[in-house]
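protein_6.csv, holding CSV, C-alpha atoms:
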```csv
chain,number,residue,atom,x,y,z
A,215,MET,CA,19.3,99.6,-176.0
A,216,PHE,CA,20.5,103.2,-176.3
A,217,PHE,CA,22.9,102.1,-179.1
A,218,LYS,CA,20.0,100.7,-181.0
A,219,GLN,CA,18.1,104.0,-180.9
A,220,ILE,CA,21.2,105.9,-182.1
A,221,THR,CA,21.6,103.5,-185.1
A,222,LEU,CA,17.9,104.0,-185.9
A,223,LEU,CA,18.4,107.8,-185.9
A,224,VAL,CA,21.4,107.5,-188.2
A,225,TRP,CA,19.5,105.4,-190.6
A,226,PHE,CA,16.6,107.8,-190.5
A,227,SER,CA,19.0,110.6,-191.3
A,228,PHE,CA,20.3,108.7,-194.3
A,229,VAL,CA,16.8,108.3,-195.7
A,230,LEU,CA,16.1,112.0,-195.4
A,231,ILE,CA,19.3,113.1,-197.1
A,232,ARG,CA,19.3,116.1,-199.4
A,233,PHE,CA,22.0,117.4,-201.7
A,234,MET,CA,23.1,121.0,-202.1
A,235,HIS,CA,21.3,122.0,-205.2
A,236,ILE,CA,20.0,125.6,-204.6
A,237,SER,CA,18.1,127.1,-207.5
A,238,LEU,CA,15.7,130.0,-207.1
A,239,ALA,CA,13.4,128.9,-210.0
A,240,ALA,CA,11.8,125.5,-210.5
A,241,GLU,CA,13.6,123.6,-213.3
A,242,PRO,CA,11.7,122.4,-216.4
A,243,LEU,CA,11.5,118.6,-216.7
A,244,PHE,CA,9.8,118.1,-220.1
A,245,ASP,CA,7.4,119.7,-222.5
A,246,ILE,CA,3.9,118.7,-223.5
A,247,TYR,CA,3.2,120.4,-226.8
A,248,GLY,CA,5.0,123.5,-225.8
A,249,PHE,CA,3.7,123.5,-222.2
A,250,THR,CA,6.7,123.3,-219.9
A,251,VAL,CA,6.2,121.0,-216.9
A,252,THR,CA,8.6,121.9,-214.1
A,253,ASN,CA,9.4,119.8,-211.1
A,254,SER,CA,7.3,122.0,-208.9
A,255,LEU,CA,4.3,121.8,-211.2
A,256,LEU,CA,4.6,118.0,-211.2
A,257,VAL,CA,4.4,117.9,-207.4
A,258,SER,CA,1.5,120.4,-207.3
A,259,PHE,CA,-0.4,118.0,-209.6
A,260,VAL,CA,0.4,115.2,-207.2
A,261,VAL,CA,-0.9,117.3,-204.3
A,262,THR,CA,-4.1,118.1,-206.2
A,263,ILE,CA,-4.7,114.4,-207.0
A,264,LEU,CA,-4.0,113.4,-203.4
A,265,LEU,CA,-6.4,116.0,-202.0
A,266,ILE,CA,-9.1,114.8,-204.4
A,267,ILE,CA,-8.6,111.2,-203.4
A,268,ILE,CA,-8.6,112.0,-199.7
A,269,ALA,CA,-11.8,114.1,-200.0
A,270,PHE,CA,-13.6,111.4,-202.0
A,271,SER,CA,-12.5,108.6,-199.7
A,272,ILE,CA,-13.6,110.5,-196.6
A,273,SER,CA,-17.0,111.6,-198.0
A,274,ASN,CA,-17.7,108.0,-199.2
A,275,ASN,CA,-16.8,106.5,-195.8
A,276,ILE,CA,-18.9,108.8,-193.7
A,277,SER,CA,-21.9,106.7,-192.7
A,278,LYS,CA,-25.4,108.1,-192.1
A,279,LYS,CA,-25.3,106.6,-188.5
A,280,THR,CA,-23.1,108.0,-185.8
A,281,SER,CA,-19.8,106.2,-185.7
A,282,ARG,CA,-16.4,106.9,-184.3
A,283,PHE,CA,-14.9,108.1,-187.7
A,284,ARG,CA,-17.9,110.4,-188.2
A,285,ALA,CA,-17.5,111.8,-184.7
A,286,ILE,CA,-13.8,112.6,-185.3
A,287,ILE,CA,-14.6,114.4,-188.6
A,288,GLU,CA,-17.5,116.3,-187.0
A,289,GLU,CA,-15.4,117.3,-184.1
A,290,PHE,CA,-12.6,118.6,-186.5
A,291,PHE,CA,-15.0,120.7,-188.5
A,292,THR,CA,-16.7,122.1,-185.5
A,293,PHE,CA,-13.3,123.2,-184.3
A,294,ILE,CA,-12.5,124.8,-187.7
A,295,LEU,CA,-15.9,126.6,-187.9
A,296,ASP,CA,-15.5,127.9,-184.4
A,297,LEU,CA,-12.0,129.1,-185.2
A,298,ALA,CA,-13.2,130.8,-188.3
A,299,GLU,CA,-16.0,132.6,-186.4
A,300,SER,CA,-13.6,133.8,-183.7
A,301,VAL,CA,-11.3,135.2,-186.4
A,302,GLY,CA,-13.8,136.4,-189.0
A,303,GLY,CA,-16.9,137.1,-186.9
A,304,LYS,CA,-20.4,136.1,-187.8
A,305,GLY,CA,-20.9,135.2,-191.5
A,306,ALA,CA,-17.4,133.8,-191.7
A,307,ARG,CA,-18.8,130.3,-192.3
A,308,ASP,CA,-19.7,131.2,-195.9
A,309,PHE,CA,-16.0,131.6,-196.8
A,310,VAL,CA,-14.8,128.6,-194.9
A,311,PRO,CA,-14.8,126.2,-198.0
A,312,LEU,CA,-12.4,128.5,-199.9
A,313,VAL,CA,-10.2,129.2,-197.0
A,314,LEU,CA,-10.0,125.6,-195.9
A,315,THR,CA,-9.1,124.6,-199.5
A,316,PHE,CA,-6.2,127.1,-199.3
A,317,PHE,CA,-5.2,125.6,-196.0
A,318,PHE,CA,-5.2,122.0,-197.0
A,319,PHE,CA,-3.4,122.6,-200.4
A,320,ILE,CA,-0.6,124.6,-198.8
A,321,LEU,CA,-0.3,122.3,-195.8
A,322,LEU,CA,0.0,119.2,-198.0
A,323,SER,CA,2.4,120.8,-200.4
A,324,ASN,CA,4.6,122.1,-197.5
A,325,TRP,CA,4.7,118.7,-195.8
A,326,LEU,CA,5.1,116.8,-199.0
A,327,GLY,CA,8.3,118.8,-199.8
A,328,LEU,CA,9.9,117.4,-196.7
A,329,LEU,CA,9.5,113.8,-197.6
A,330,PRO,CA,12.5,111.6,-198.7
A,331,GLY,CA,13.1,111.9,-202.4
A,332,PHE,CA,12.8,115.6,-202.6
A,333,GLY,CA,16.2,117.0,-203.4
A,334,SER,CA,17.8,113.6,-203.6
A,335,ILE,CA,16.6,112.1,-206.8
A,336,PHE,CA,18.2,113.8,-209.8
A,337,LEU,CA,17.6,113.5,-213.5
A,338,GLU,CA,20.4,114.0,-216.0
A,339,LYS,CA,19.4,116.4,-218.8
A,340,VAL,CA,21.2,118.0,-221.7
A,341,VAL,CA,20.4,121.7,-222.0
A,342,HIS,CA,22.1,123.6,-224.8
A,343,GLY,CA,24.8,120.9,-225.1
A,344,GLU,CA,25.6,120.9,-221.4
A,345,HIS,CA,24.9,118.2,-218.9
A,346,GLU,CA,22.7,119.3,-216.0
A,347,GLU,CA,21.4,117.5,-213.0
A,348,ILE,CA,17.8,118.4,-212.2
A,349,PRO,CA,16.0,117.3,-209.1
A,350,LEU,CA,12.9,115.3,-210.1
A,351,LEU,CA,10.8,116.6,-207.2
A,352,ARG,CA,10.6,120.0,-205.6
A,353,GLY,CA,8.0,121.3,-203.1
A,354,ALA,CA,5.0,122.9,-204.9
A,355,THR,CA,5.1,126.0,-202.6
A,356,ALA,CA,8.9,126.3,-203.1
A,357,ASP,CA,8.2,127.8,-206.5
A,358,LEU,CA,7.2,131.5,-206.8
A,359,ASN,CA,4.7,130.6,-209.6
A,360,THR,CA,2.6,128.4,-207.4
A,361,THR,CA,2.5,130.9,-204.5
A,362,LEU,CA,1.8,133.8,-206.9
A,363,ALA,CA,-1.2,131.9,-208.3
A,364,LEU,CA,-2.5,131.2,-204.8
A,365,ALA,CA,-2.1,134.9,-203.9
A,366,LEU,CA,-3.9,136.0,-207.1
A,367,VAL,CA,-6.8,133.6,-206.4
A,368,SER,CA,-6.9,134.9,-202.8
A,369,VAL,CA,-6.9,138.6,-203.7
A,370,PHE,CA,-9.5,138.1,-206.5
A,371,ALA,CA,-11.7,136.2,-204.0
A,372,ILE,CA,-11.4,139.1,-201.6
A,373,GLN,CA,-12.5,141.6,-204.3
A,374,TYR,CA,-15.3,139.3,-205.5
A,375,TYR,CA,-16.8,138.8,-202.1
A,376,GLY,CA,-16.5,142.5,-201.4
A,377,VAL,CA,-18.3,143.5,-204.6
A,378,SER,CA,-21.0,140.8,-204.3
A,379,LYS,CA,-21.8,141.8,-200.7
A,380,LEU,CA,-21.5,145.6,-200.9
A,381,LYS,CA,-22.3,146.0,-204.7
A,382,LEU,CA,-21.1,149.3,-206.2
A,383,PRO,CA,-20.3,151.2,-203.0
A,384,TYR,CA,-17.5,148.7,-202.5
A,385,PHE,CA,-15.3,150.8,-204.9
A,386,LYS,CA,-15.9,153.9,-202.7
A,387,ARG,CA,-13.0,152.8,-200.5
A,388,PHE,CA,-10.7,153.1,-203.5
A,389,PHE,CA,-12.1,156.1,-205.3
A,390,ASN,CA,-13.5,158.6,-202.8
A,391,PHE,CA,-13.8,162.3,-203.9
A,392,SER,CA,-15.6,163.6,-200.8
A,393,SER,CA,-12.5,165.0,-199.2
A,394,PRO,CA,-8.8,165.2,-199.9
A,395,VAL,CA,-7.9,162.9,-197.0
A,396,ASP,CA,-10.4,160.3,-198.2
A,397,PHE,CA,-9.0,160.6,-201.7
A,398,PHE,CA,-5.4,159.8,-200.6
A,399,THR,CA,-6.6,157.0,-198.2
A,400,GLY,CA,-8.4,155.6,-201.2
A,401,ILE,CA,-5.1,155.6,-203.3
A,402,LEU,CA,-3.3,153.9,-200.4
A,403,GLU,CA,-6.0,151.3,-200.2
A,404,LEU,CA,-5.7,150.7,-203.9
A,405,ILE,CA,-2.0,150.2,-203.7
A,406,SER,CA,-2.3,148.0,-200.7
A,407,GLU,CA,-4.5,145.6,-202.7
A,408,PHE,CA,-1.5,145.0,-205.0
A,409,ALA,CA,0.9,144.9,-202.0
A,410,LYS,CA,-1.3,142.1,-200.7
A,411,ILE,CA,-0.5,140.0,-203.7
A,412,ILE,CA,3.3,140.6,-203.2
A,413,SER,CA,3.3,139.9,-199.5
A,414,PHE,CA,1.0,136.8,-199.7
A,415,SER,CA,3.1,135.2,-202.4
A,416,PHE,CA,6.6,136.1,-201.0
A,417,ARG,CA,5.7,135.2,-197.4
A,418,LEU,CA,4.8,131.7,-198.4
A,419,PHE,CA,7.6,131.3,-201.0
A,420,GLY,CA,10.2,132.9,-198.7
A,421,ASN,CA,9.4,130.7,-195.8
A,422,VAL,CA,9.3,127.4,-197.7
A,423,PHE,CA,12.3,128.2,-199.9
A,424,ALA,CA,14.4,129.4,-196.9
A,425,GLY,CA,13.5,126.1,-195.2
A,426,GLU,CA,14.7,124.0,-198.1
A,427,VAL,CA,18.0,126.0,-198.3
A,428,LEU,CA,18.4,125.6,-194.5
A,429,LEU,CA,17.9,121.9,-194.7
A,430,ALA,CA,20.3,121.5,-197.6
A,431,VAL,CA,23.0,123.6,-195.8
A,432,VAL,CA,22.7,121.7,-192.5
A,433,MET,CA,22.8,118.4,-194.4
A,434,SER,CA,26.0,119.4,-196.1
A,435,LEU,CA,27.6,120.4,-192.7
A,436,VAL,CA,26.5,117.5,-190.6
A,437,PRO,CA,24.7,114.8,-192.6
A,438,VAL,CA,23.5,112.6,-189.7
A,439,ILE,CA,21.2,113.3,-186.7
A,440,ALA,CA,21.9,117.1,-186.6
A,441,PRO,CA,19.3,117.9,-189.4
A,442,LEU,CA,16.5,116.1,-187.5
A,443,PRO,CA,15.5,119.0,-185.3
A,444,PHE,CA,15.4,121.2,-188.3
A,445,PHE,CA,12.9,118.8,-190.0
A,446,GLY,CA,10.8,119.2,-186.9
A,447,LEU,CA,11.0,123.0,-187.3
A,448,GLU,CA,10.1,122.8,-191.0
A,449,VAL,CA,7.0,120.7,-190.2
A,450,PHE,CA,5.9,123.4,-187.7
A,451,VAL,CA,6.7,126.3,-190.1
A,452,GLY,CA,4.8,124.5,-192.9
A,453,PHE,CA,1.7,124.3,-190.7
A,454,ILE,CA,2.0,127.9,-189.4
A,455,GLN,CA,2.4,129.2,-193.0
A,456,ALA,CA,-0.7,127.3,-194.2
A,457,LEU,CA,-2.6,128.7,-191.2
A,458,VAL,CA,-1.4,132.2,-191.7
A,459,PHE,CA,-2.3,132.2,-195.4
A,460,ALA,CA,-5.8,130.9,-194.7
A,461,MET,CA,-6.4,133.2,-191.7
A,462,LEU,CA,-5.2,136.3,-193.5
A,463,THR,CA,-7.5,135.5,-196.5
A,464,LEU,CA,-10.4,135.1,-194.1
A,465,VAL,CA,-9.6,138.4,-192.3
A,466,PHE,CA,-9.2,140.3,-195.5
A,467,ILE,CA,-12.5,138.9,-196.9
A,468,GLN,CA,-14.2,139.8,-193.7
A,469,LEU,CA,-12.8,143.4,-193.9
A,470,ALA,CA,-13.8,143.7,-197.5
A,471,THR,CA,-17.4,142.6,-196.8
A,472,ALA,CA,-17.7,144.7,-193.6
A,473,GLY,CA,-18.1,148.1,-195.3
A,474,HIS,CA,-17.0,151.3,-193.6
A,475,GLY,CA,-17.6,150.2,-190.1
A,476,GLY,CA,-15.5,150.4,-186.9
A,477,SER,CA,-12.9,147.9,-188.1
A,478,SER,CA,-11.9,149.7,-191.3
A,479,ASP,CA,-9.8,152.1,-189.2
A,480,HIS,CA,-7.7,149.2,-188.1
A,481,GLU,CA,-7.3,148.0,-191.7
A,482,GLY,CA,-6.2,151.4,-192.9
A,483,HIS,CA,-3.5,151.3,-190.3
A,484,GLU,CA,-2.4,147.8,-191.1
A,485,THR,CA,-2.3,148.2,-194.8
A,486,GLY,CA,-0.8,151.6,-194.6
A,487,ARG,CA,2.2,150.0,-193.0
A,488,GLU,CA,2.4,147.3,-195.7
A,489,VAL,CA,2.4,150.0,-198.4
A,490,GLU,CA,5.3,151.8,-196.7
A,491,TYR,CA,7.5,148.7,-196.8
A,492,GLY,CA,6.1,147.0,-199.9
A,493,ASN,CA,6.8,149.8,-202.4
B,113,MET,CA,36.0,145.6,-205.4
B,114,GLU,CA,34.4,143.8,-208.3
B,115,THR,CA,30.7,143.8,-208.9
B,116,GLU,CA,30.2,140.2,-208.1
B,117,GLN,CA,31.9,140.5,-204.7
B,118,MET,CA,29.9,143.7,-204.0
B,119,LYS,CA,26.7,141.8,-204.8
B,120,LEU,CA,27.5,139.0,-202.4
B,121,LEU,CA,28.3,141.5,-199.7
B,122,ALA,CA,25.2,143.5,-200.4
B,123,THR,CA,23.0,140.4,-200.1
B,124,ALA,CA,24.5,139.5,-196.8
B,125,ILE,CA,24.1,143.0,-195.4
B,126,VAL,CA,20.5,143.3,-196.6
B,127,MET,CA,19.5,140.1,-194.8
B,128,ALA,CA,21.5,141.0,-191.7
B,129,ILE,CA,20.1,144.5,-191.3
B,130,GLY,CA,16.7,143.7,-192.7
B,131,THR,CA,15.9,141.0,-190.1
B,132,ILE,CA,16.9,143.1,-187.0
B,133,GLY,CA,13.6,145.0,-187.0
B,134,PRO,CA,11.3,142.0,-187.5
B,135,ALA,CA,13.3,140.0,-184.9
B,136,LEU,CA,12.8,142.6,-182.3
B,137,GLY,CA,9.1,143.0,-183.3
B,138,ILE,CA,8.4,139.3,-183.0
B,139,GLY,CA,10.2,139.2,-179.7
B,140,ILE,CA,8.1,142.1,-178.3
B,141,LEU,CA,4.9,140.6,-179.7
B,142,ALA,CA,5.5,137.2,-178.2
B,143,SER,CA,6.5,138.6,-174.8
B,144,LYS,CA,3.4,140.8,-174.7
B,145,ALA,CA,1.2,137.9,-175.7
B,146,LEU,CA,2.7,135.6,-173.1
B,147,GLU,CA,2.2,138.4,-170.5
B,148,ALA,CA,-1.5,138.7,-171.6
B,149,ILE,CA,-1.9,134.9,-171.4
B,150,GLY,CA,-0.4,135.0,-167.9
B,151,ARG,CA,-2.8,137.6,-166.8
B,152,ASN,CA,-5.8,136.0,-168.4
B,153,PRO,CA,-5.3,132.3,-169.2
B,154,GLU,CA,-8.8,131.8,-170.3
B,155,ALA,CA,-8.3,134.1,-173.3
B,156,ALA,CA,-5.3,132.0,-174.5
B,157,GLY,CA,-6.9,130.8,-177.7
B,158,LYS,CA,-7.9,134.2,-178.9
B,159,ILE,CA,-4.6,135.8,-178.0
B,160,GLN,CA,-2.7,133.0,-179.8
B,161,THR,CA,-4.6,133.4,-183.1
B,162,ASN,CA,-4.2,137.2,-183.0
B,163,MET,CA,-0.5,136.8,-182.1
B,164,ILE,CA,0.0,134.6,-185.1
B,165,LEU,CA,-1.7,137.1,-187.4
B,166,ALA,CA,0.4,139.9,-186.0
B,167,ILE,CA,3.6,137.9,-186.4
B,168,ALA,CA,2.7,137.2,-190.0
B,169,PHE,CA,2.5,141.0,-190.6
B,170,THR,CA,5.8,141.6,-188.8
B,171,GLU,CA,7.4,138.8,-190.7
B,172,ALA,CA,6.3,140.2,-194.0
B,173,ILE,CA,8.9,143.0,-193.5
B,174,ALA,CA,11.7,140.4,-193.2
B,175,ILE,CA,10.3,138.8,-196.4
B,176,TYR,CA,10.6,142.1,-198.2
B,177,ALA,CA,14.3,142.1,-197.2
B,178,LEU,CA,14.6,138.6,-198.5
B,179,VAL,CA,13.0,139.7,-201.8
B,180,ILE,CA,15.6,142.5,-202.2
B,181,ALA,CA,18.4,140.1,-201.3
B,182,LEU,CA,17.2,137.6,-204.0
B,183,ILE,CA,16.9,140.4,-206.5
B,184,ILE,CA,20.4,141.6,-205.8
B,185,LYS,CA,21.8,138.1,-205.9
B,186,PHE,CA,20.1,136.7,-209.0
B,187,VAL,CA,18.9,139.6,-211.2
```

Could you render the structure from this file as structure tokens?
Amino acid sequence: MFFKQITLLVWFSFVLIRFMHISLAAEPLFDIYGFTVTNSLLVSFVVTILLIIIAFSISNNISKKTSRFRAIIEEFFTFILDLAESVGGKGARDFVPLVLTFFFFILLSNWLGLLPGFGSIFLEKVVHGEHEEIPLLRGATADLNTTLALALVSVFAIQYYGVSKLKLPYFKRFFNFSSPVDFFTGILELISEFAKIISFSFRLFGNVFAGEVLLAVVMSLVPVIAPLPFFGLEVFVGFIQALVFAMLTLVFIQLATAGHGGSSDHEGHETGREVEYGN
Amino acid sequence: METEQMKLLATAIVMAIGTIGPALGIGILASKALEAIGRNPEAAGKIQTNMILAIAFTEAIAIYALVIALIIKFV
């Protein structure tokens, strides 16, 4: 009985095997009219298509009457909206669609990168007369380009919601000539907006990439059974990072739309620290 | 010492020293949060979300060390 379980675990480990192939950048697979498709980009297309299919199938299957499926979905969204209101205060519901999209995209691409086939299927390719082996699949968020794009969207959304809510006075937090202290705080705030892009993108990329390297190294040391706890860890880290990205976006949007209230003092402190280390 | 060896050494040192601060910070954060949950178990949900946010900020510093390490190693 016990022997059977051990054998099952060993087979499970073999399915999950990964090879030591550590490269910082995503490798190009093929070109479409000069547009290079990398292995990460391929996976991010898959993630997008999967998300669209899931969204359509759920929205088509929700019945007008109450049913068990509908109750589950409603319960889930009530939980999400309550969480958003507890983090972002009243009015946070308006930003939930954007934030939830971030969450689902990052969660799915983090978890997809752990599936069998990632880091174990290789293509042979001739680059500049040299044979190279390139992994066919690579987690979408294990590429700095993807996370940078997500961070840019997030930071632009923060600015957009800030301007659309507060109109022109929004820029007063960056360019304030009323007193020397306010002027320098404004400069710090301006720099911290750019530091946000860096910390958003590198936090996600660093966590996911470090996870992949960790898995590959453990696999090369002890190929069976030992990597399984690390897979559990990576599943957890993938969830937490998706949550952190979504929640931080929500909190920053909330701070940008709040104006110079009581909470802006907290933001100055927080972002001031980021500036210190980010630049 | 040659440049390549120096680079490897520098990468390791950056990660080793750069993660000390965030490690201590996350430890202190988690201990304080657990203490708070112990004192007021009803506020557990609120404390947890705030703790995760604070951990994300603390962890960002370790990520900056990682960025520097990657730059030293690959650029």

Polymer residues at most 6 Å from region 173-184 of chain B, all atoms listed in the file, same-chain spacing of 5 or more positions, as a PyMOL selection string: (chain A and resi 417) or (chain B and resi 123+130-131+134)

Hey, which bits of region 280-349 of chain A sit within 12 Å of region 150-158 of chain B, and for each residue what's the closest pair of atoms and how far apart in Å (one decimal), counting all atoms listed in the file, rows by chain and increasing number, as a Markdown table?
```
| residue | atom | partner | partner_atom | distance |
| --- | --- | --- | --- | --- |
| A:Phe293 | CA | B:Gly157 | CA | 11.9 |
| A:Asp296 | CA | B:Gly157 | CA | 11.3 |
| A:Leu297 | CA | B:Lys158 | CA | 9.1 |
| A:Ala298 | CA | B:Lys158 | CA | 11.3 |
| A:Glu299 | CA | B:Lys158 | CA | 11.2 |
| A:Ser300 | CA | B:Lys158 | CA | 7.5 |
| A:Val301 | CA | B:Lys158 | CA | 8.3 |
| A:Gly302 | CA | B:Lys158 | CA | 11.9 |
```

Between CA of Pro443 (chain A) and CA of Met461 (chain A), distance in Å (one decimal):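 Answer for the CA of Pro443 (chain A) to CA of Met461 (chain A) separation: 26.9 Å.
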
Kindly give the distance, in Å, that separates CA of Phe169 (chain B) and CA of Val313 (chain A), rounded to a single decimal.
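A separation of 18.5 Å between them.
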
Using all atoms listed in the file, the shortest atom-to-atom distance to Phe459 (chain A) among A:Phe317, A:Tyr384, A:Phe391, A:Phe419 belongs to A:Phe317

So which residues touch Asn390 (chain A) within 12 Å, counting only C-alpha atoms, skipping near sequence neighbours fewer than 5 positions away, as a list in words? Pro383, Tyr384, Phe385, Val395, Asp396, Phe397, Phe398, Thr399, Gly400, Ile401, Leu402, Glu403 and Leu404 of chain A

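Using only C-alpha atoms, the nearest neighbour of chain A within the list B:Gln160, B:Ala148, B:Leu136, B:Leu165 is B:Leu165.
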
What's around Leu366 (chain A) at 9 Å? Count only C-alpha atoms, leave out sequence neighbours fewer than 4 positions away in its own chain, and write the answer as a PyMOL selection string. chain A and resi 361-362+370-371+411+414-415

Here CA of Ser323 (chain A) and CA of Phe453 (chain A) stand apart by 10.3 Å

Which of B:Ala128, B:Ala172, B:Ile149, B:Val187 sits closest to chain A [using all atoms listed in the file] |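 With all atoms listed in the file as the atom set, the closest residue is B:Ala172.
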
Give as a PDB file with C-alpha atoms, keeping the file's coordinate frame every residue of chain A that touches chain B within 12 Å, counting all atoms listed in the file.
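Below is the file that was written, result.pdb:
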```pdb
ATOM      1  CA  ILE A 236      20.000 125.600-204.600  1.00  0.00           C
ATOM      2  CA  SER A 237      18.100 127.100-207.500  1.00  0.00           C
ATOM      3  CA  LEU A 238      15.700 130.000-207.100  1.00  0.00           C
ATOM      4  CA  ALA A 239      13.400 128.900-210.000  1.00  0.00           C
ATOM      5  CA  PHE A 293     -13.300 123.200-184.300  1.00  0.00           C
ATOM      6  CA  ASP A 296     -15.500 127.900-184.400  1.00  0.00           C
ATOM      7  CA  LEU A 297     -12.000 129.100-185.200  1.00  0.00           C
ATOM      8  CA  ALA A 298     -13.200 130.800-188.300  1.00  0.00           C
ATOM      9  CA  GLU A 299     -16.000 132.600-186.400  1.00  0.00           C
ATOM     10  CA  SER A 300     -13.600 133.800-183.700  1.00  0.00           C
ATOM     11  CA  VAL A 301     -11.300 135.200-186.400  1.00  0.00           C
ATOM     12  CA  GLY A 302     -13.800 136.400-189.000  1.00  0.00           C
ATOM     13  CA  LEU A 358       7.200 131.500-206.800  1.00  0.00           C
ATOM     14  CA  ALA A 409       0.900 144.900-202.000  1.00  0.00           C
ATOM     15  CA  LYS A 410      -1.300 142.100-200.700  1.00  0.00           C
ATOM     16  CA  ILE A 411      -0.500 140.000-203.700  1.00  0.00           C
ATOM     17  CA  ILE A 412       3.300 140.600-203.200  1.00  0.00           C
ATOM     18  CA  SER A 413       3.300 139.900-199.500  1.00  0.00           C
ATOM     19  CA  PHE A 414       1.000 136.800-199.700  1.00  0.00           C
ATOM     20  CA  SER A 415       3.100 135.200-202.400  1.00  0.00           C
ATOM     21  CA  PHE A 416       6.600 136.100-201.000  1.00  0.00           C
ATOM     22  CA  ARG A 417       5.700 135.200-197.400  1.00  0.00           C
ATOM     23  CA  LEU A 418       4.800 131.700-198.400  1.00  0.00           C
ATOM     24  CA  PHE A 419       7.600 131.300-201.000  1.00  0.00           C
ATOM     25  CA  GLY A 420      10.200 132.900-198.700  1.00  0.00           C
ATOM     26  CA  ASN A 421       9.400 130.700-195.800  1.00  0.00           C
ATOM     27  CA  VAL A 422       9.300 127.400-197.700  1.00  0.00           C
ATOM     28  CA  PHE A 423      12.300 128.200-199.900  1.00  0.00           C
ATOM     29  CA  ALA A 424      14.400 129.400-196.900  1.00  0.00           C
ATOM     30  CA  VAL A 451       6.700 126.300-190.100  1.00  0.00           C
ATOM     31  CA  PHE A 453       1.700 124.300-190.700  1.00  0.00           C
ATOM     32  CA  ILE A 454       2.000 127.900-189.400  1.00  0.00           C
ATOM     33  CA  GLN A 455       2.400 129.200-193.000  1.00  0.00           C
ATOM     34  CA  ALA A 456      -0.700 127.300-194.200  1.00  0.00           C
ATOM     35  CA  LEU A 457      -2.600 128.700-191.200  1.00  0.00           C
ATOM     36  CA  VAL A 458      -1.400 132.200-191.700  1.00  0.00           C
ATOM     37  CA  PHE A 459      -2.300 132.200-195.400  1.00  0.00           C
ATOM     38  CA  ALA A 460      -5.800 130.900-194.700  1.00  0.00           C
ATOM     39  CA  MET A 461      -6.400 133.200-191.700  1.00  0.00           C
ATOM     40  CA  LEU A 462      -5.200 136.300-193.500  1.00  0.00           C
ATOM     41  CA  THR A 463      -7.500 135.500-196.500  1.00  0.00           C
ATOM     42  CA  LEU A 464     -10.400 135.100-194.100  1.00  0.00           C
ATOM     43  CA  VAL A 465      -9.600 138.400-192.300  1.00  0.00           C
ATOM     44  CA  PHE A 466      -9.200 140.300-195.500  1.00  0.00           C
ATOM     45  CA  HIS A 483      -3.500 151.300-190.300  1.00  0.00           C
ATOM     46  CA  GLU A 484      -2.400 147.800-191.100  1.00  0.00           C
ATOM     47  CA  THR A 485      -2.300 148.200-194.800  1.00  0.00           C
ATOM     48  CA  GLY A 486      -0.800 151.600-194.600  1.00  0.00           C
ATOM     49  CA  ARG A 487       2.200 150.000-193.000  1.00  0.00           C
ATOM     50  CA  GLU A 488       2.400 147.300-195.700  1.00  0.00           C
ATOM     51  CA  VAL A 489       2.400 150.000-198.400  1.00  0.00           C
ATOM     52  CA  GLU A 490       5.300 151.800-196.700  1.00  0.00           C
ATOM     53  CA  TYR A 491       7.500 148.700-196.800  1.00  0.00           C
ATOM     54  CA  GLY A 492       6.100 147.000-199.900  1.00  0.00           C
ATOM     55  CA  ASN A 493       6.800 149.800-202.400  1.00  0.00           C
TER      56      ASN A 493
END
```

Which residues are close to Ile220 (chain A), i.e. within 12 Å by all atoms listed in the file, leaving aside same-chain residues fewer than 5 positions away? Reply as a list in words.
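Once the adjacent positions are removed, what remains is Met215, Trp225, Phe226, Ser227, Val438 and Ile439 of chain A.
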
*asked:* Here is a test: counting all atoms listed in the file, which residue of A:Val432, A:Leu243, A:Val341, A:Leu380 is nearest to Leu469 (chain A)?
replied: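 Ranking A:Val432, A:Leu243, A:Val341, A:Leu380 by distance to Leu469 (chain A), first place goes to A:Leu380.
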
Please, could N, CA and C atoms be added to region 242-249 of chain A and the result written as a short mmCIF file (atom, residue, chain, number, x, y, z; two decimals), in the coordinates of the input?
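The resulting file, out06.cif, is shown below:
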```
data_model
loop_
_atom_site.label_atom_id
_atom_site.label_comp_id
_atom_site.auth_asym_id
_atom_site.auth_seq_id
_atom_site.Cartn_x
_atom_site.Cartn_y
_atom_site.Cartn_z
N PRO A 242 12.64 123.11 -215.51
CA PRO A 242 11.70 122.40 -216.40
C PRO A 242 12.18 120.93 -216.58
N LEU A 243 11.22 120.01 -216.54
CA LEU A 243 11.50 118.60 -216.70
C LEU A 243 11.28 118.17 -218.16
N PHE A 244 10.07 118.47 -218.68
CA PHE A 244 9.80 118.10 -220.10
C PHE A 244 8.68 119.01 -220.61
N ASP A 245 8.46 118.93 -221.89
CA ASP A 245 7.40 119.70 -222.50
C ASP A 245 6.30 118.86 -223.02
N ILE A 246 5.07 119.36 -222.88
CA ILE A 246 3.90 118.70 -223.50
C ILE A 246 3.36 119.71 -224.51
N TYR A 247 3.65 119.53 -225.78
CA TYR A 247 3.20 120.40 -226.80
C TYR A 247 3.44 121.89 -226.48
N GLY A 248 4.66 122.18 -226.07
CA GLY A 248 5.00 123.50 -225.80
C GLY A 248 4.71 124.01 -224.39
N PHE A 249 3.99 123.18 -223.62
CA PHE A 249 3.70 123.50 -222.20
C PHE A 249 4.73 122.92 -221.33
#
```
